[in-house]
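File shown: target22.csv (CSV, C-alpha atoms).
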```csv
chain,number,residue,atom,x,y,z
A,1,MET,CA,56.2,62.0,28.3
A,2,LEU,CA,55.5,61.0,24.7
A,3,LEU,CA,57.6,58.5,22.7
A,4,VAL,CA,58.2,59.2,19.0
A,5,THR,CA,59.9,56.3,17.2
A,6,GLY,CA,61.6,57.4,14.0
A,7,GLY,CA,61.8,60.8,15.7
A,8,ALA,CA,65.0,61.8,13.9
A,9,GLY,CA,63.5,61.0,10.5
A,10,PHE,CA,61.5,63.3,8.2
A,11,ILE,CA,58.0,63.1,9.6
A,12,GLY,CA,59.2,62.2,13.1
A,13,SER,CA,61.5,65.2,13.5
A,14,ASN,CA,58.7,67.4,12.4
A,15,VAL,CA,56.4,65.9,15.0
A,16,VAL,CA,59.1,66.6,17.7
A,17,ALA,CA,59.5,70.2,16.4
A,18,SER,CA,55.7,70.7,16.6
A,19,LEU,CA,55.6,69.4,20.1
A,20,ASN,CA,58.5,71.6,21.2
A,21,GLU,CA,56.9,74.6,19.5
A,22,ALA,CA,53.7,73.9,21.5
A,23,GLY,CA,55.8,74.0,24.7
A,24,CYS,CA,56.3,70.2,25.2
A,25,ALA,CA,59.9,69.1,25.7
A,26,ASP,CA,59.0,65.9,27.6
A,27,VAL,CA,59.6,63.8,24.4
A,28,ALA,CA,61.7,60.7,24.0
A,29,VAL,CA,63.0,59.8,20.6
A,30,SER,CA,63.8,56.3,19.4
A,31,ASP,CA,65.8,56.1,16.2
A,32,VAL,CA,69.2,55.3,14.6
A,33,LEU,CA,71.2,58.3,13.6
A,34,GLY,CA,73.9,56.6,11.5
A,35,SER,CA,76.9,58.4,10.3
A,36,ASP,CA,75.4,61.0,8.0
A,37,ASP,CA,73.7,64.3,8.9
A,38,LYS,CA,70.4,62.9,10.1
A,39,TRP,CA,71.2,64.2,13.6
A,40,ARG,CA,70.7,67.7,12.2
A,41,ASN,CA,66.9,67.1,12.0
A,42,LEU,CA,67.0,67.3,15.9
A,43,ALA,CA,69.7,69.8,16.3
A,44,ARG,CA,67.3,72.6,17.3
A,45,ARG,CA,65.1,70.4,19.4
A,46,GLN,CA,64.8,69.6,23.1
A,47,ILE,CA,64.2,66.0,24.0
A,48,ALA,CA,64.1,64.1,27.3
A,49,ASP,CA,65.8,60.9,26.1
A,50,PHE,CA,67.2,59.2,23.0
A,51,VAL,CA,66.7,55.5,22.8
A,52,PRO,CA,68.3,53.1,20.3
A,53,PRO,CA,65.6,50.7,18.9
A,54,THR,CA,67.6,47.7,20.2
A,55,GLU,CA,67.2,49.1,23.8
A,56,LEU,CA,63.5,50.1,23.5
A,57,ARG,CA,62.0,47.0,25.1
A,58,GLN,CA,64.1,47.4,28.2
A,59,TRP,CA,63.5,51.2,28.3
A,60,LEU,CA,59.7,50.8,28.2
A,61,GLU,CA,59.7,48.5,31.3
A,62,GLY,CA,57.8,50.1,34.2
A,63,ARG,CA,57.3,53.3,32.3
A,64,LYS,CA,54.1,55.4,31.9
A,65,LEU,CA,53.7,57.4,28.7
A,66,GLU,CA,51.1,59.8,27.4
A,67,ALA,CA,51.2,58.3,24.0
A,68,VAL,CA,53.4,56.3,21.5
A,69,ILE,CA,53.7,57.9,18.1
A,70,HIS,CA,55.3,55.1,16.1
A,71,LEU,CA,56.9,56.4,12.9
A,72,GLY,CA,60.1,54.4,12.8
A,73,ALA,CA,60.4,52.0,9.8
A,74,ILE,CA,62.6,51.0,6.9
A,75,SER,CA,60.6,53.3,4.6
A,76,SER,CA,62.4,52.9,1.2
A,77,THR,CA,60.1,51.6,-1.5
A,78,THR,CA,63.2,49.9,-3.0
A,79,ALA,CA,64.2,48.0,0.1
A,80,ARG,CA,65.2,44.4,-0.6
A,81,ASP,CA,66.2,42.9,2.7
A,82,GLY,CA,63.0,41.2,3.7
A,83,ASP,CA,64.1,40.0,7.1
A,84,ALA,CA,65.3,43.5,8.1
A,85,VAL,CA,62.0,45.0,6.9
A,86,MET,CA,59.9,42.5,8.7
A,87,GLU,CA,61.8,43.0,11.9
A,88,ASN,CA,61.7,46.8,11.8
A,89,ASN,CA,58.3,47.4,10.2
A,90,PHE,CA,56.2,44.4,11.5
A,91,ARG,CA,57.6,42.7,14.5
A,92,LEU,CA,58.7,45.8,16.3
A,93,SER,CA,55.3,47.4,15.6
A,94,LEU,CA,53.6,44.3,17.1
A,95,ARG,CA,55.7,44.6,20.3
A,96,LEU,CA,54.8,48.2,20.7
A,97,LEU,CA,51.2,47.5,20.1
A,98,ASP,CA,51.3,44.8,22.8
A,99,TRP,CA,53.0,47.2,25.2
A,100,CYS,CA,50.5,49.9,24.6
A,101,ALA,CA,47.6,47.5,25.0
A,102,ALA,CA,49.0,46.2,28.3
A,103,THR,CA,49.7,49.7,29.7
A,104,ARG,CA,46.6,51.4,28.2
A,105,THR,CA,48.7,53.8,26.2
A,106,PRO,CA,47.3,55.5,23.0
A,107,PHE,CA,49.1,54.2,20.0
A,108,ILE,CA,49.4,56.2,16.7
A,109,TYR,CA,51.4,54.6,13.9
A,110,ALA,CA,52.5,55.2,10.3
A,111,SER,CA,50.9,53.0,7.8
A,112,SER,CA,51.4,54.0,4.2
A,113,ALA,CA,49.7,54.8,0.9
A,114,ALA,CA,52.1,52.2,-0.5
A,115,THR,CA,49.6,49.6,0.7
A,116,TYR,CA,47.3,50.6,-2.2
A,117,GLY,CA,49.7,49.2,-4.7
A,118,ASP,CA,48.8,50.3,-8.3
A,119,GLY,CA,45.6,51.9,-7.1
A,120,GLY,CA,43.5,49.2,-8.9
A,121,GLU,CA,41.3,48.9,-5.8
A,122,GLY,CA,41.1,52.7,-5.4
A,123,TYR,CA,42.3,54.8,-2.5
A,124,CYS,CA,39.5,54.5,0.1
A,125,ASP,CA,40.8,53.9,3.6
A,126,ASP,CA,38.1,51.3,4.4
A,127,TRP,CA,39.8,49.4,7.2
A,128,ALA,CA,37.4,46.4,7.2
A,129,ALA,CA,39.5,43.2,6.9
A,130,GLY,CA,38.0,42.3,3.6
A,131,ALA,CA,38.8,45.7,2.1
A,132,LEU,CA,42.4,45.6,3.3
A,133,LYS,CA,42.9,42.1,2.0
A,134,ARG,CA,41.9,43.2,-1.5
A,135,LEU,CA,44.9,45.6,-1.7
A,136,ARG,CA,48.0,44.4,-3.5
A,137,PRO,CA,51.1,46.4,-2.5
A,138,MET,CA,53.8,46.5,-5.1
A,139,ASN,CA,56.9,46.5,-2.9
A,140,LEU,CA,58.2,45.0,0.3
A,141,TYR,CA,57.7,48.2,2.3
A,142,GLY,CA,54.0,48.5,1.3
A,143,TRP,CA,53.5,44.8,2.1
A,144,SER,CA,55.0,45.1,5.6
A,145,LYS,CA,52.7,48.0,6.3
A,146,GLN,CA,49.6,46.2,5.1
A,147,LEU,CA,50.5,43.2,7.2
A,148,PHE,CA,50.5,45.3,10.3
A,149,ASP,CA,47.2,47.0,9.4
A,150,LEU,CA,45.7,43.6,9.0
A,151,ALA,CA,47.1,42.4,12.4
A,152,VAL,CA,45.6,45.4,14.2
A,153,VAL,CA,42.2,45.1,12.4
A,154,GLU,CA,42.1,41.3,13.2
A,155,ARG,CA,42.6,42.0,16.9
A,156,ALA,CA,39.8,44.6,16.8
A,157,ARG,CA,37.5,42.1,15.0
A,158,ARG,CA,38.2,39.4,17.5
A,159,GLY,CA,37.7,41.7,20.4
A,160,ASP,CA,41.3,41.2,21.6
A,161,LYS,CA,42.9,43.7,23.9
A,162,LEU,CA,44.0,46.8,22.1
A,163,PRO,CA,45.3,50.2,23.3
A,164,PRO,CA,42.5,52.7,24.3
A,165,GLN,CA,43.3,54.5,21.1
A,166,TRP,CA,44.9,53.1,18.0
A,167,ALA,CA,45.2,54.9,14.7
A,168,GLY,CA,47.1,54.0,11.5
A,169,LEU,CA,48.0,56.8,9.1
A,170,LYS,CA,48.4,56.2,5.4
A,171,PHE,CA,50.6,59.1,4.4
A,172,PHE,CA,50.6,60.0,0.8
A,173,ASN,CA,53.3,62.1,-0.9
A,174,VAL,CA,54.6,64.2,2.1
A,175,PHE,CA,57.2,66.9,1.4
A,176,GLY,CA,58.9,69.5,3.5
A,177,PRO,CA,61.9,70.3,5.7
A,178,ASN,CA,64.1,67.6,7.2
A,179,GLU,CA,63.7,65.2,4.3
A,180,TYR,CA,67.3,65.7,3.1
A,181,HIS,CA,68.7,62.4,4.5
A,182,LYS,CA,66.3,60.4,2.4
A,183,GLY,CA,68.4,60.4,-0.8
A,184,GLU,CA,66.4,59.2,-3.8
A,185,MET,CA,63.3,59.0,-1.5
A,186,MET,CA,63.3,62.8,-1.1
A,187,SER,CA,60.5,64.8,-2.7
A,188,LEU,CA,61.1,66.1,-6.2
A,189,VAL,CA,61.1,69.7,-4.8
A,190,ALA,CA,64.1,68.9,-2.5
A,191,LYS,CA,65.9,66.9,-5.2
A,192,ARG,CA,65.6,69.5,-7.9
A,193,PHE,CA,65.7,72.8,-6.1
A,194,ASP,CA,69.5,73.4,-6.4
A,195,ASP,CA,69.4,72.7,-10.1
A,196,ALA,CA,66.5,75.1,-10.6
A,197,LYS,CA,68.2,77.8,-8.6
A,198,SER,CA,71.4,77.4,-10.5
A,199,GLY,CA,69.6,77.8,-13.8
A,200,LYS,CA,69.6,74.2,-15.0
A,201,PRO,CA,66.5,72.8,-16.5
A,202,ILE,CA,64.5,70.2,-14.5
A,203,ARG,CA,63.9,66.8,-16.1
A,204,LEU,CA,60.6,65.1,-15.8
A,205,PHE,CA,59.4,61.8,-17.3
A,206,LYS,CA,57.5,61.8,-20.5
A,207,SER,CA,54.2,60.1,-20.4
A,208,HIS,CA,53.9,56.7,-22.0
A,209,ARG,CA,50.2,56.4,-21.6
A,210,ALA,CA,47.7,57.6,-24.2
A,211,GLY,CA,45.7,60.7,-23.1
A,212,ILE,CA,48.1,61.8,-20.5
A,213,ALA,CA,50.5,64.6,-21.4
A,214,ASP,CA,54.2,64.7,-20.4
A,215,GLY,CA,54.6,65.7,-16.8
A,216,GLU,CA,50.9,65.2,-16.1
A,217,GLN,CA,51.5,62.1,-13.9
A,218,LYS,CA,49.7,63.0,-10.7
A,219,ARG,CA,50.2,62.5,-7.0
A,220,ASP,CA,48.5,63.7,-3.8
A,221,PHE,CA,51.2,66.0,-2.5
A,222,ILE,CA,50.8,67.0,1.1
A,223,TYR,CA,52.9,69.5,3.0
A,224,VAL,CA,54.5,68.0,6.2
A,225,ASP,CA,52.9,70.7,8.4
A,226,ASP,CA,49.5,69.3,7.4
A,227,ALA,CA,50.5,65.7,8.0
A,228,ILE,CA,51.8,66.7,11.5
A,229,ALA,CA,48.5,68.5,12.2
A,230,VAL,CA,46.7,65.3,11.7
A,231,VAL,CA,49.1,63.5,14.1
A,232,ARG,CA,48.7,66.2,16.7
A,233,TRP,CA,44.9,66.2,16.3
A,234,LEU,CA,44.8,62.4,17.0
A,235,VAL,CA,47.0,62.8,20.1
A,236,GLU,CA,44.5,65.5,21.4
A,237,THR,CA,41.4,63.4,20.3
A,238,PRO,CA,41.9,60.1,22.1
A,239,ALA,CA,38.3,58.9,21.3
A,240,VAL,CA,39.2,58.4,17.7
A,241,SER,CA,40.6,55.1,16.4
A,242,GLY,CA,40.9,53.6,13.0
A,243,ILE,CA,43.0,53.7,9.8
A,244,PHE,CA,43.0,57.0,8.0
A,245,ASN,CA,44.4,58.4,4.7
A,246,VAL,CA,46.6,61.5,5.2
A,247,GLY,CA,46.5,63.4,1.9
A,248,THR,CA,44.8,66.5,0.6
A,249,GLY,CA,42.3,64.7,-1.5
A,250,VAL,CA,43.5,66.6,-4.6
A,251,ALA,CA,45.9,65.1,-7.1
A,252,ARG,CA,48.3,67.5,-8.7
A,253,SER,CA,50.8,66.8,-11.5
A,254,PHE,CA,54.6,66.8,-11.3
A,255,ARG,CA,54.5,69.7,-13.8
A,256,ASP,CA,52.4,71.6,-11.3
A,257,LEU,CA,54.9,70.9,-8.6
A,258,MET,CA,57.8,72.1,-10.6
A,259,HIS,CA,55.9,75.2,-11.8
A,260,ALA,CA,55.2,76.0,-8.2
A,261,MET,CA,58.9,75.7,-7.3
A,262,PHE,CA,60.0,78.0,-10.2
A,263,ALA,CA,57.3,80.5,-9.2
A,264,ALA,CA,58.7,80.5,-5.7
A,265,LEU,CA,62.1,81.3,-7.1
A,266,GLY,CA,60.6,84.1,-9.3
A,267,ARG,CA,61.8,82.3,-12.5
A,268,PRO,CA,60.0,81.0,-15.6
A,269,PRO,CA,59.8,77.2,-15.6
A,270,ALA,CA,62.5,75.3,-17.4
A,271,ILE,CA,61.5,71.7,-17.9
A,272,GLU,CA,62.8,69.0,-20.2
A,273,TYR,CA,61.0,65.7,-20.7
A,274,ILE,CA,62.9,62.5,-20.9
A,275,ASP,CA,61.9,58.9,-21.6
A,276,MET,CA,60.9,56.9,-18.6
A,277,PRO,CA,63.2,53.9,-18.1
A,278,ALA,CA,61.7,50.8,-19.8
A,279,ALA,CA,62.1,48.8,-16.7
A,280,ILE,CA,59.5,50.8,-14.7
A,281,ARG,CA,57.1,51.8,-17.4
A,282,GLU,CA,54.6,48.9,-16.8
A,283,SER,CA,54.5,49.4,-13.1
A,284,TYR,CA,54.7,53.2,-12.9
A,285,GLN,CA,51.8,54.9,-11.2
A,286,TYR,CA,50.1,57.7,-13.1
A,287,PHE,CA,47.7,58.8,-10.4
A,288,THR,CA,47.3,58.7,-6.6
A,289,GLN,CA,44.7,60.6,-4.6
A,290,ALA,CA,43.7,60.2,-1.0
A,291,ASP,CA,40.0,59.7,-0.2
A,292,ALA,CA,39.9,62.0,2.9
A,293,ALA,CA,36.2,61.3,3.8
A,294,ASN,CA,37.1,58.9,6.6
A,295,LEU,CA,39.2,61.5,8.3
A,296,ARG,CA,36.6,64.2,7.9
A,297,ARG,CA,33.9,61.9,9.3
A,298,ALA,CA,36.1,61.3,12.3
A,299,GLY,CA,36.0,65.0,13.0
A,300,TYR,CA,39.1,66.4,11.4
A,301,ASN,CA,38.1,69.7,9.8
A,302,ALA,CA,41.3,71.7,9.2
A,303,ASP,CA,42.1,72.8,5.7
A,304,PHE,CA,45.1,71.5,3.7
A,305,THR,CA,47.6,73.9,2.4
A,306,PRO,CA,47.3,74.5,-1.4
A,307,LEU,CA,50.3,73.1,-3.3
A,308,GLU,CA,51.6,76.5,-4.5
A,309,THR,CA,51.4,78.0,-1.0
A,310,ALA,CA,53.1,75.0,0.5
A,311,VAL,CA,56.0,74.9,-2.0
A,312,LYS,CA,56.6,78.6,-1.6
A,313,HIS,CA,56.8,78.2,2.2
A,314,TYR,CA,59.2,75.3,1.8
A,315,VAL,CA,61.4,77.3,-0.6
A,316,ASP,CA,61.3,80.6,1.2
A,317,CYS,CA,61.7,79.3,4.8
A,318,TYR,CA,64.0,76.3,4.2
A,319,LEU,CA,65.4,75.4,0.8
A,320,ASP,CA,66.5,78.9,-0.2
A,321,ARG,CA,68.4,79.4,3.1
A,322,ALA,CA,71.9,78.4,4.3
A,323,ASP,CA,70.3,76.3,7.1
A,324,ARG,CA,67.5,74.3,5.6
A,325,TYR,CA,66.5,72.4,8.8
A,326,ARG,CA,63.4,73.0,10.9
```
Show me this structure written as structure tokens.
Amino acid sequence: MLLVTGGAGFIGSNVVASLNEAGCADVAVSDVLGSDDKWRNLARRQIADFVPPTELRQWLEGRKLEAVIHLGAISSTTARDGDAVMENNFRLSLRLLDWCAATRTPFIYASSAATYGDGGEGYCDDWAAGALKRLRPMNLYGWSKQLFDLAVVERARRGDKLPPQWAGLKFFNVFGPNEYHKGEMMSLVAKRFDDAKSGKPIRLFKSHRAGIADGEQKRDFIYVDDAIAVVRWLVETPAVSGIFNVGTGVARSFRDLMHAMFAALGRPPAIEYIDMPAAIRESYQYFTQADAANLRRAGYNADFTPLETAVKHYVDCYLDRADRYR
């Protein structure tokens, strides 16, 4: 049996789907469904158990698992409740790390590209303690993820007991099916698709930085299938440990992203540019791009889906259908 925490969420439910599609139904999910439609992310899936996070410690007692894939977290970059974020993102992660170390269970967890802050230190996933300490996350979520990365690396440095495999994944801008419960944290494709299909123009921020055109702010957009492929590769490659960027290594603009969406709809792009709110202009990131060399050195050699191909698949197979769920 595998345990996927956050298994009803965006990336987690896609991990569960991928495992099911590979013939594995012996999967336990730990998550909070709430009162919205998050449950639909698992509606087509077969799972062996569903465990509320508050019951996870008791559930784990005496149990043997093939691996723990820890994706559960408060993932909003605008989260303000520091105590809740620390309990969910840091202390729960430490408890799972301890359990996996004691039971010799592989442990794969979600870190985040938010640990890089404004990118002033670059986007290299050097997991030496000194390199991690130089990073300056810009929000509570990113800070909580950095704290856990540092805790794991410090244990490795001291030679303390760790799981036989431990791997932290710094996901960049992942998009794809089952992200619909995320509200404002959804990808721009999911948020703007209905407007584009109905003929409304899409609004993007103007650039307020010299030398960068409107809509040319760039991100490393990675399709969820590619992110899941990295997770699955690690599960199947237990000799690999470390902290790895999960991004394509190619930054593309928001304008590129919207052009790809309109092309998938067979329509000419209709984009309007609006002023960026003054409150976020100074802290707004104009560029993120994963350095994927560490992952490649570890042996991961699969290609990443080109942006236009990924967006078309998302539109054709999910967004432009009555049932958008995987």
Any idea what's packed within 9 Å of Val311 of chain A, counting only C-alpha atoms, ignoring anything in its chain fewer than 5 positions away? Could you give it as a JSON list (two decimals) with C-alpha atoms, in the coordinates of the input?
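The result, stored in around-v8.json:
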```
[["chain", "number", "residue", "atom", "x", "y", "z"],
["A", 175, "PHE", "CA", 57.20, 66.90, 1.40],
["A", 176, "GLY", "CA", 58.90, 69.50, 3.50],
["A", 189, "VAL", "CA", 61.10, 69.70, -4.80],
["A", 223, "TYR", "CA", 52.90, 69.50, 3.00],
["A", 257, "LEU", "CA", 54.90, 70.90, -8.60],
["A", 260, "ALA", "CA", 55.20, 76.00, -8.20],
["A", 261, "MET", "CA", 58.90, 75.70, -7.30],
["A", 264, "ALA", "CA", 58.70, 80.50, -5.70],
["A", 306, "PRO", "CA", 47.30, 74.50, -1.40],
["A", 316, "ASP", "CA", 61.30, 80.60, 1.20]]
```
Checklist entry - Hey, can you check how far atom CA of Val224 of chain A sits from atom CA of Leu2 of chain A? => result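 Atom CA of Leu2 of chain A lies 19.8 Å from atom CA of Val224 of chain A.
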Item to check | Residue with smallest distance to Ser207 of chain A - pool A:Glu184, A:Asp256, A:Gly247, A:Tyr286, counting all atoms listed in the file | outcome: A:Tyr286
Cut-off 12 Å: closest segment 177-222 of chain A/segment 109-132 of chain A atom pairs per residue, using all atoms listed in the file, as JSON lines:
```
{"residue": "A:Arg219", "atom": "CA", "partner": "A:Ala113", "partner_atom": "CA", "distance": 11.0}
{"residue": "A:Asp220", "atom": "CA", "partner": "A:Ala113", "partner_atom": "CA", "distance": 10.1}
{"residue": "A:Phe221", "atom": "CA", "partner": "A:Ala113", "partner_atom": "CA", "distance": 11.8}
```
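Atom CA of Val235 of chain A is found 22.4 Å from atom CA of Asp160 of chain A.
Distance annotation: of A:Asn139, A:Asn245, A:Gln289, A:Ser13, the residue with the minimal separation from Ala79 of chain A is A:Asn139; atom set is only C-alpha atoms.
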Find the spatial neighbours of Arg321 of chain A, counting only C-alpha atoms, within a cut-off of 12 Å - ignore same-chain residues fewer than 5 positions away - and output them as a PDB file with C-alpha atoms, in the frame of the given file.
```pdb
ATOM      1  CA  PRO A 177      61.900  70.300   5.700  1.00  0.00           C
ATOM      2  CA  PHE A 193      65.700  72.800  -6.100  1.00  0.00           C
ATOM      3  CA  ASP A 194      69.500  73.400  -6.400  1.00  0.00           C
ATOM      4  CA  LYS A 197      68.200  77.800  -8.600  1.00  0.00           C
ATOM      5  CA  HIS A 313      56.800  78.200   2.200  1.00  0.00           C
ATOM      6  CA  TYR A 314      59.200  75.300   1.800  1.00  0.00           C
ATOM      7  CA  VAL A 315      61.400  77.300  -0.600  1.00  0.00           C
ATOM      8  CA  ASP A 316      61.300  80.600   1.200  1.00  0.00           C
ATOM      9  CA  ARG A 326      63.400  73.000  10.900  1.00  0.00           C
TER      10      ARG A 326
END
```
